[in-house]
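Heads up, entry_35.cif below (mmCIF, N, CA, C and O atoms):
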data_run
loop_
_atom_site.group_PDB
_atom_site.id
_atom_site.type_symbol
_atom_site.label_atom_id
_atom_site.label_comp_id
_atom_site.auth_asym_id
_atom_site.auth_seq_id
_atom_site.Cartn_x
_atom_site.Cartn_y
_atom_site.Cartn_z
ATOM 1 N N MET A 6 -12.909 3.122 8.760
ATOM 2 C CA MET A 6 -11.658 2.525 9.189
ATOM 3 C C MET A 6 -10.527 3.119 8.357
ATOM 4 O O MET A 6 -10.593 3.192 7.143
ATOM 5 N N ASP A 7 -9.486 3.545 9.005
ATOM 6 C CA ASP A 7 -8.315 4.081 8.324
ATOM 7 C C ASP A 7 -7.512 2.958 7.687
ATOM 8 O O ASP A 7 -7.682 1.792 8.003
ATOM 9 N N LEU A 8 -6.614 3.342 6.818
ATOM 10 C CA LEU A 8 -5.731 2.382 6.164
ATOM 11 C C LEU A 8 -4.612 1.981 7.108
ATOM 12 O O LEU A 8 -3.983 2.826 7.731
ATOM 13 N N LYS A 9 -4.380 0.691 7.191
ATOM 14 C CA LYS A 9 -3.255 0.163 7.953
ATOM 15 C C LYS A 9 -2.380 -0.631 6.993
ATOM 16 O O LYS A 9 -2.878 -1.369 6.153
ATOM 17 N N ILE A 10 -1.064 -0.445 7.113
ATOM 18 C CA ILE A 10 -0.117 -1.128 6.241
ATOM 19 C C ILE A 10 0.928 -1.832 7.100
ATOM 20 O O ILE A 10 1.548 -1.216 7.962
ATOM 21 N N SER A 11 1.071 -3.117 6.866
ATOM 22 C CA SER A 11 2.177 -3.857 7.477
ATOM 23 C C SER A 11 2.927 -4.543 6.346
ATOM 24 O O SER A 11 2.386 -4.758 5.268
ATOM 25 N N ASP A 12 4.195 -4.845 6.590
ATOM 26 C CA ASP A 12 4.959 -5.474 5.515
ATOM 27 C C ASP A 12 5.906 -6.518 6.072
ATOM 28 O O ASP A 12 6.273 -6.491 7.244
ATOM 29 N N HIS A 13 6.248 -7.439 5.200
ATOM 30 C CA HIS A 13 7.234 -8.464 5.500
ATOM 31 C C HIS A 13 7.844 -8.931 4.183
ATOM 32 O O HIS A 13 7.343 -8.613 3.113
ATOM 33 N N VAL A 14 8.935 -9.665 4.286
ATOM 34 C CA VAL A 14 9.602 -10.212 3.106
ATOM 35 C C VAL A 14 9.364 -11.710 3.073
ATOM 36 O O VAL A 14 9.525 -12.399 4.075
ATOM 37 N N SER A 15 8.946 -12.197 1.911
ATOM 38 C CA SER A 15 8.710 -13.620 1.712
ATOM 39 C C SER A 15 9.414 -14.045 0.428
ATOM 40 O O SER A 15 9.085 -13.540 -0.652
ATOM 41 N N ASP A 16 10.387 -14.917 0.553
ATOM 42 C CA ASP A 16 11.160 -15.396 -0.601
ATOM 43 C C ASP A 16 11.754 -14.254 -1.418
ATOM 44 O O ASP A 16 11.738 -14.271 -2.646
ATOM 45 N N GLY A 17 12.234 -13.226 -0.747
ATOM 46 C CA GLY A 17 12.865 -12.105 -1.421
ATOM 47 C C GLY A 17 11.903 -11.083 -2.001
ATOM 48 O O GLY A 17 12.331 -10.136 -2.648
ATOM 49 N N VAL A 18 10.614 -11.266 -1.767
ATOM 50 C CA VAL A 18 9.596 -10.347 -2.285
ATOM 51 C C VAL A 18 8.984 -9.592 -1.110
ATOM 52 O O VAL A 18 8.575 -10.191 -0.116
ATOM 53 N N ARG A 19 8.937 -8.269 -1.217
ATOM 54 C CA ARG A 19 8.309 -7.448 -0.175
ATOM 55 C C ARG A 19 6.791 -7.540 -0.331
ATOM 56 O O ARG A 19 6.244 -7.286 -1.402
ATOM 57 N N VAL A 20 6.109 -7.911 0.727
ATOM 58 C CA VAL A 20 4.655 -8.029 0.730
ATOM 59 C C VAL A 20 4.089 -6.940 1.632
ATOM 60 O O VAL A 20 4.425 -6.866 2.818
ATOM 61 N N LEU A 21 3.245 -6.073 1.067
ATOM 62 C CA LEU A 21 2.545 -5.056 1.844
ATOM 63 C C LEU A 21 1.129 -5.544 2.079
ATOM 64 O O LEU A 21 0.383 -5.789 1.125
ATOM 65 N N GLU A 22 0.760 -5.705 3.335
ATOM 66 C CA GLU A 22 -0.593 -6.122 3.693
ATOM 67 C C GLU A 22 -1.392 -4.872 4.042
ATOM 68 O O GLU A 22 -1.072 -4.163 4.988
ATOM 69 N N LEU A 23 -2.414 -4.610 3.237
ATOM 70 C CA LEU A 23 -3.251 -3.428 3.413
ATOM 71 C C LEU A 23 -4.573 -3.833 4.034
ATOM 72 O O LEU A 23 -5.148 -4.862 3.671
ATOM 73 N N SER A 24 -5.077 -2.999 4.956
ATOM 74 C CA SER A 24 -6.409 -3.242 5.514
ATOM 75 C C SER A 24 -7.084 -1.901 5.769
ATOM 76 O O SER A 24 -6.427 -0.915 6.100
ATOM 77 N N GLY A 25 -8.390 -1.870 5.574
ATOM 78 C CA GLY A 25 -9.153 -0.643 5.762
ATOM 79 C C GLY A 25 -9.655 -0.105 4.438
ATOM 80 O O GLY A 25 -10.049 -0.856 3.555
ATOM 81 N N VAL A 26 -9.636 1.223 4.312
ATOM 82 C CA VAL A 26 -10.108 1.881 3.095
ATOM 83 C C VAL A 26 -8.984 2.714 2.494
ATOM 84 O O VAL A 26 -8.130 3.233 3.201
ATOM 85 N N ILE A 27 -9.005 2.803 1.171
ATOM 86 C CA ILE A 27 -8.045 3.637 0.450
ATOM 87 C C ILE A 27 -8.855 4.698 -0.271
ATOM 88 O O ILE A 27 -9.495 4.421 -1.284
ATOM 89 N N LYS A 28 -8.847 5.910 0.312
ATOM 90 C CA LYS A 28 -9.638 6.994 -0.272
ATOM 91 C C LYS A 28 -8.891 8.306 -0.121
ATOM 92 O O LYS A 28 -7.912 8.393 0.624
ATOM 93 N N LEU A 29 -9.342 9.301 -0.860
ATOM 94 C CA LEU A 29 -8.718 10.617 -0.870
ATOM 95 C C LEU A 29 -8.462 11.090 0.552
ATOM 96 O O LEU A 29 -9.339 11.023 1.404
ATOM 97 N N GLY A 30 -7.259 11.530 0.793
ATOM 98 C CA GLY A 30 -6.897 12.031 2.121
ATOM 99 C C GLY A 30 -5.690 11.306 2.673
ATOM 100 O O GLY A 30 -4.776 10.926 1.936
ATOM 101 N N ASP A 31 -5.703 11.099 3.970
ATOM 102 C CA ASP A 31 -4.552 10.519 4.660
ATOM 103 C C ASP A 31 -4.195 9.124 4.171
ATOM 104 O O ASP A 31 -3.018 8.774 4.085
ATOM 105 N N SER A 32 -5.207 8.312 3.848
ATOM 106 C CA SER A 32 -4.901 6.935 3.447
ATOM 107 C C SER A 32 -4.157 6.895 2.114
ATOM 108 O O SER A 32 -3.214 6.114 1.944
ATOM 109 N N VAL A 33 -4.529 7.743 1.160
ATOM 110 C CA VAL A 33 -3.829 7.793 -0.122
ATOM 111 C C VAL A 33 -2.416 8.328 0.083
ATOM 112 O O VAL A 33 -1.460 7.798 -0.492
ATOM 113 N N HIS A 34 -2.270 9.336 0.912
ATOM 114 C CA HIS A 34 -0.943 9.885 1.196
ATOM 115 C C HIS A 34 -0.051 8.822 1.836
ATOM 116 O O HIS A 34 1.115 8.675 1.455
ATOM 117 N N LEU A 35 -0.584 8.074 2.797
ATOM 118 C CA LEU A 35 0.179 7.010 3.445
ATOM 119 C C LEU A 35 0.601 5.943 2.439
ATOM 120 O O LEU A 35 1.763 5.532 2.409
ATOM 121 N N LEU A 36 -0.326 5.521 1.598
ATOM 122 C CA LEU A 36 -0.019 4.497 0.599
ATOM 123 C C LEU A 36 1.057 4.976 -0.365
ATOM 124 O O LEU A 36 2.027 4.263 -0.632
ATOM 125 N N ARG A 37 0.905 6.179 -0.888
ATOM 126 C CA ARG A 37 1.904 6.728 -1.823
ATOM 127 C C ARG A 37 3.281 6.805 -1.179
ATOM 128 O O ARG A 37 4.285 6.431 -1.793
ATOM 129 N N SER A 38 3.336 7.293 0.051
ATOM 130 C CA SER A 38 4.642 7.449 0.695
ATOM 131 C C SER A 38 5.281 6.098 1.001
ATOM 132 O O SER A 38 6.493 5.933 0.828
ATOM 133 N N ARG A 39 4.501 5.105 1.416
ATOM 134 C CA ARG A 39 5.070 3.780 1.685
ATOM 135 C C ARG A 39 5.564 3.118 0.409
ATOM 136 O O ARG A 39 6.627 2.511 0.388
ATOM 137 N N LEU A 40 4.789 3.230 -0.673
ATOM 138 C CA LEU A 40 5.212 2.647 -1.942
ATOM 139 C C LEU A 40 6.472 3.332 -2.456
ATOM 140 O O LEU A 40 7.410 2.671 -2.914
ATOM 141 N N LYS A 41 6.518 4.652 -2.360
ATOM 142 C CA LYS A 41 7.694 5.400 -2.797
ATOM 143 C C LYS A 41 8.915 5.007 -1.967
ATOM 144 O O LYS A 41 10.009 4.805 -2.502
ATOM 145 N N GLU A 42 8.724 4.864 -0.666
ATOM 146 C CA GLU A 42 9.812 4.450 0.228
ATOM 147 C C GLU A 42 10.350 3.075 -0.156
ATOM 148 O O GLU A 42 11.563 2.866 -0.228
ATOM 149 N N MET A 43 9.443 2.137 -0.413
ATOM 150 C CA MET A 43 9.862 0.782 -0.783
ATOM 151 C C MET A 43 10.630 0.788 -2.112
ATOM 152 O O MET A 43 11.669 0.147 -2.227
ATOM 153 N N LEU A 44 10.130 1.513 -3.082
ATOM 154 C CA LEU A 44 10.781 1.565 -4.388
ATOM 155 C C LEU A 44 12.140 2.266 -4.295
ATOM 156 O O LEU A 44 13.108 1.837 -4.913
ATOM 157 N N ASN A 45 12.227 3.328 -3.499
ATOM 158 C CA ASN A 45 13.499 4.033 -3.323
ATOM 159 C C ASN A 45 14.524 3.178 -2.580
ATOM 160 O O ASN A 45 15.729 3.364 -2.766
ATOM 161 N N ASP A 46 14.053 2.267 -1.743
ATOM 162 C CA ASP A 46 14.949 1.365 -1.012
ATOM 163 C C ASP A 46 15.434 0.212 -1.886
ATOM 164 O O ASP A 46 16.206 -0.625 -1.438
ATOM 165 N N GLY A 47 14.955 0.161 -3.125
ATOM 166 C CA GLY A 47 15.407 -0.874 -4.048
ATOM 167 C C GLY A 47 14.547 -2.118 -4.069
ATOM 168 O O GLY A 47 14.927 -3.119 -4.668
ATOM 169 N N ASP A 48 13.400 -2.074 -3.417
ATOM 170 C CA ASP A 48 12.481 -3.214 -3.460
ATOM 171 C C ASP A 48 11.772 -3.214 -4.808
ATOM 172 O O ASP A 48 10.779 -2.539 -5.007
ATOM 173 N N ALA A 49 12.316 -3.979 -5.755
ATOM 174 C CA ALA A 49 11.762 -4.002 -7.109
ATOM 175 C C ALA A 49 10.595 -4.965 -7.222
ATOM 176 O O ALA A 49 9.777 -4.855 -8.131
ATOM 177 N N GLN A 50 10.515 -5.921 -6.316
ATOM 178 C CA GLN A 50 9.420 -6.892 -6.343
ATOM 179 C C GLN A 50 8.509 -6.636 -5.145
ATOM 180 O O GLN A 50 8.878 -6.893 -3.996
ATOM 181 N N LEU A 51 7.323 -6.110 -5.441
ATOM 182 C CA LEU A 51 6.336 -5.799 -4.408
ATOM 183 C C LEU A 51 5.047 -6.537 -4.699
ATOM 184 O O LEU A 51 4.628 -6.635 -5.854
ATOM 185 N N VAL A 52 4.431 -7.026 -3.642
ATOM 186 C CA VAL A 52 3.102 -7.617 -3.744
ATOM 187 C C VAL A 52 2.203 -6.862 -2.779
ATOM 188 O O VAL A 52 2.573 -6.648 -1.618
ATOM 189 N N LEU A 53 1.056 -6.435 -3.262
ATOM 190 C CA LEU A 53 0.073 -5.774 -2.401
ATOM 191 C C LEU A 53 -1.025 -6.769 -2.070
ATOM 192 O O LEU A 53 -1.766 -7.195 -2.955
ATOM 193 N N ASP A 54 -1.119 -7.134 -0.810
ATOM 194 C CA ASP A 54 -2.189 -8.018 -0.343
ATOM 195 C C ASP A 54 -3.339 -7.128 0.098
ATOM 196 O O ASP A 54 -3.288 -6.489 1.147
ATOM 197 N N MET A 55 -4.373 -7.057 -0.739
ATOM 198 C CA MET A 55 -5.508 -6.174 -0.481
ATOM 199 C C MET A 55 -6.751 -6.939 -0.045
ATOM 200 O O MET A 55 -7.864 -6.427 -0.149
ATOM 201 N N ALA A 56 -6.571 -8.131 0.478
ATOM 202 C CA ALA A 56 -7.707 -8.964 0.881
ATOM 203 C C ALA A 56 -8.559 -8.290 1.960
ATOM 204 O O ALA A 56 -9.761 -8.529 2.031
ATOM 205 N N ARG A 57 -7.948 -7.432 2.766
ATOM 206 C CA ARG A 57 -8.682 -6.789 3.861
ATOM 207 C C ARG A 57 -9.044 -5.335 3.563
ATOM 208 O O ARG A 57 -9.418 -4.591 4.463
ATOM 209 N N VAL A 58 -8.916 -4.928 2.299
ATOM 210 C CA VAL A 58 -9.324 -3.577 1.898
ATOM 211 C C VAL A 58 -10.803 -3.630 1.539
ATOM 212 O O VAL A 58 -11.226 -4.415 0.696
ATOM 213 N N SER A 59 -11.589 -2.779 2.202
ATOM 214 C CA SER A 59 -13.039 -2.817 1.986
ATOM 215 C C SER A 59 -13.529 -1.805 0.951
ATOM 216 O O SER A 59 -14.641 -1.931 0.444
ATOM 217 N N TYR A 60 -12.704 -0.799 0.618
ATOM 218 C CA TYR A 60 -13.149 0.240 -0.309
ATOM 219 C C TYR A 60 -11.940 0.942 -0.916
ATOM 220 O O TYR A 60 -10.966 1.225 -0.207
ATOM 221 N N VAL A 61 -11.997 1.230 -2.208
ATOM 222 C CA VAL A 61 -10.974 2.022 -2.901
ATOM 223 C C VAL A 61 -11.697 3.044 -3.770
ATOM 224 O O VAL A 61 -12.522 2.675 -4.612
ATOM 225 N N ASP A 62 -11.420 4.341 -3.563
ATOM 226 C CA ASP A 62 -12.032 5.352 -4.424
ATOM 227 C C ASP A 62 -11.085 5.663 -5.589
ATOM 228 O O ASP A 62 -10.036 5.037 -5.746
ATOM 229 N N SER A 63 -11.456 6.620 -6.423
ATOM 230 C CA SER A 63 -10.663 6.910 -7.615
ATOM 231 C C SER A 63 -9.272 7.440 -7.263
ATOM 232 O O SER A 63 -8.300 7.158 -7.974
ATOM 233 N N ALA A 64 -9.141 8.178 -6.165
ATOM 234 C CA ALA A 64 -7.818 8.665 -5.746
ATOM 235 C C ALA A 64 -6.939 7.493 -5.313
ATOM 236 O O ALA A 64 -5.741 7.471 -5.614
ATOM 237 N N GLY A 65 -7.525 6.528 -4.640
ATOM 238 C CA GLY A 65 -6.787 5.337 -4.232
ATOM 239 C C GLY A 65 -6.349 4.523 -5.426
ATOM 240 O O GLY A 65 -5.220 4.046 -5.501
ATOM 241 N N LEU A 66 -7.242 4.379 -6.391
ATOM 242 C CA LEU A 66 -6.909 3.653 -7.603
ATOM 243 C C LEU A 66 -5.797 4.382 -8.361
ATOM 244 O O LEU A 66 -4.867 3.749 -8.874
ATOM 245 N N GLY A 67 -5.860 5.698 -8.398
ATOM 246 C CA GLY A 67 -4.822 6.493 -9.052
ATOM 247 C C GLY A 67 -3.457 6.292 -8.393
ATOM 248 O O GLY A 67 -2.447 6.209 -9.081
ATOM 249 N N ALA A 68 -3.441 6.207 -7.075
ATOM 250 C CA ALA A 68 -2.174 5.987 -6.359
ATOM 251 C C ALA A 68 -1.597 4.621 -6.705
ATOM 252 O O ALA A 68 -0.391 4.472 -6.881
ATOM 253 N N LEU A 69 -2.445 3.614 -6.817
ATOM 254 C CA LEU A 69 -1.988 2.271 -7.166
ATOM 255 C C LEU A 69 -1.457 2.225 -8.598
ATOM 256 O O LEU A 69 -0.409 1.652 -8.857
ATOM 257 N N VAL A 70 -2.159 2.876 -9.509
ATOM 258 C CA VAL A 70 -1.726 2.877 -10.920
ATOM 259 C C VAL A 70 -0.422 3.657 -11.068
ATOM 260 O O VAL A 70 0.481 3.230 -11.780
ATOM 261 N N ALA A 71 -0.301 4.781 -10.370
ATOM 262 C CA ALA A 71 0.909 5.580 -10.465
ATOM 263 C C ALA A 71 2.131 4.836 -9.967
ATOM 264 O O ALA A 71 3.225 4.991 -10.505
ATOM 265 N N ALA A 72 1.939 3.999 -8.966
ATOM 266 C CA ALA A 72 3.076 3.226 -8.421
ATOM 267 C C ALA A 72 3.510 2.174 -9.428
ATOM 268 O O ALA A 72 4.662 1.848 -9.527
#
Any chance you could give the structure as structure tokens?
Amino acid sequence: MDLKISDHVSDGVRVLELSGVIKLGDSVHLLRSRLKEMLNDGDAQLVLDMARVSYVDSAGLGALVAA
């Protein structure tokens, strides 16, 4: 399953809902670009809802730590 990202604002906090897998390749690229976009837009408060993420490899973990 590929990574899917949806987002909404709750009480002034941007919430990114992630589902699928976060692994080397397109899913890591998508995650990095969405996080970078949110931070560049001035969203200083981000919450990642990873309840529906079934797998994260080391590249995915690296993308999360780098953000």
- Item | Selection result for the PyMOL selection byres (((chain A and resi 9 and name CA) around 8) and name CA) on this file, as a PyMOL selection string | chain A and resi 7-8+10-11+23-25
- Message: Please identify the strand (DSSP E) residues within chain A (assignment by DSSP from backbone atoms) and present them as a list in words.
- Response: Lys9, Ile10, Ser11, Asp12, His13, Val14, Ser15, Val18, Arg19, Val20, Leu21, Glu22, Leu23, Ser24, Gly25, Val26, Ile27, Leu51, Val52, Leu53, Asp54, Met55, Ala56, Arg57, Val58, Ser59, Tyr60 and Val61 of chain A
Box along x, y and z, 3 Å on every side, all listed atoms of region 6-15 of chain A inside: centre and edge lengths in Å to one decimal, as JSON.
{"center_x": -1.7, "center_y": -5.0, "center_z": 4.3, "size_x": 28.5, "size_y": 24.1, "size_z": 15.8}
- Exactly which residues make up the result of the PyMOL selection byres ((chain A and resi 28-44) around 7) on this file, given as a VMD selection string? chain A and resid 7 to 8 26 to 27 45 to 49 60 to 65 68 72
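You will find atom N of Leu21 (chain A) at 6.1 Å from atom C of Leu51 (chain A).
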- Query: CA of Glu22 (chain A) and CA of Ser59 (chain A), how far apart in Å?
  - Reply: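 It comes out at 13.0 Å.
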- Which of chain A fall in alpha helix (DSSP H), as a list in words: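 Restricting chain A to alpha helix (DSSP H) produces Asp31, Ser32, Val33, His34, Leu35, Leu36, Arg37, Ser38, Arg39, Leu40, Lys41, Glu42, Met43, Leu44, Asn45, Ser63, Ala64, Gly65, Leu66, Gly67, Ala68, Leu69, Val70 and Ala71 of chain A.
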- Message: Please compute the atom C of Val18 (chain A)-CA of Leu53 (chain A) distance, one decimal, in Å.
- Response: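 Interatomic distance, atom C of Val18 (chain A) to CA of Leu53 (chain A): 9.8 Å.
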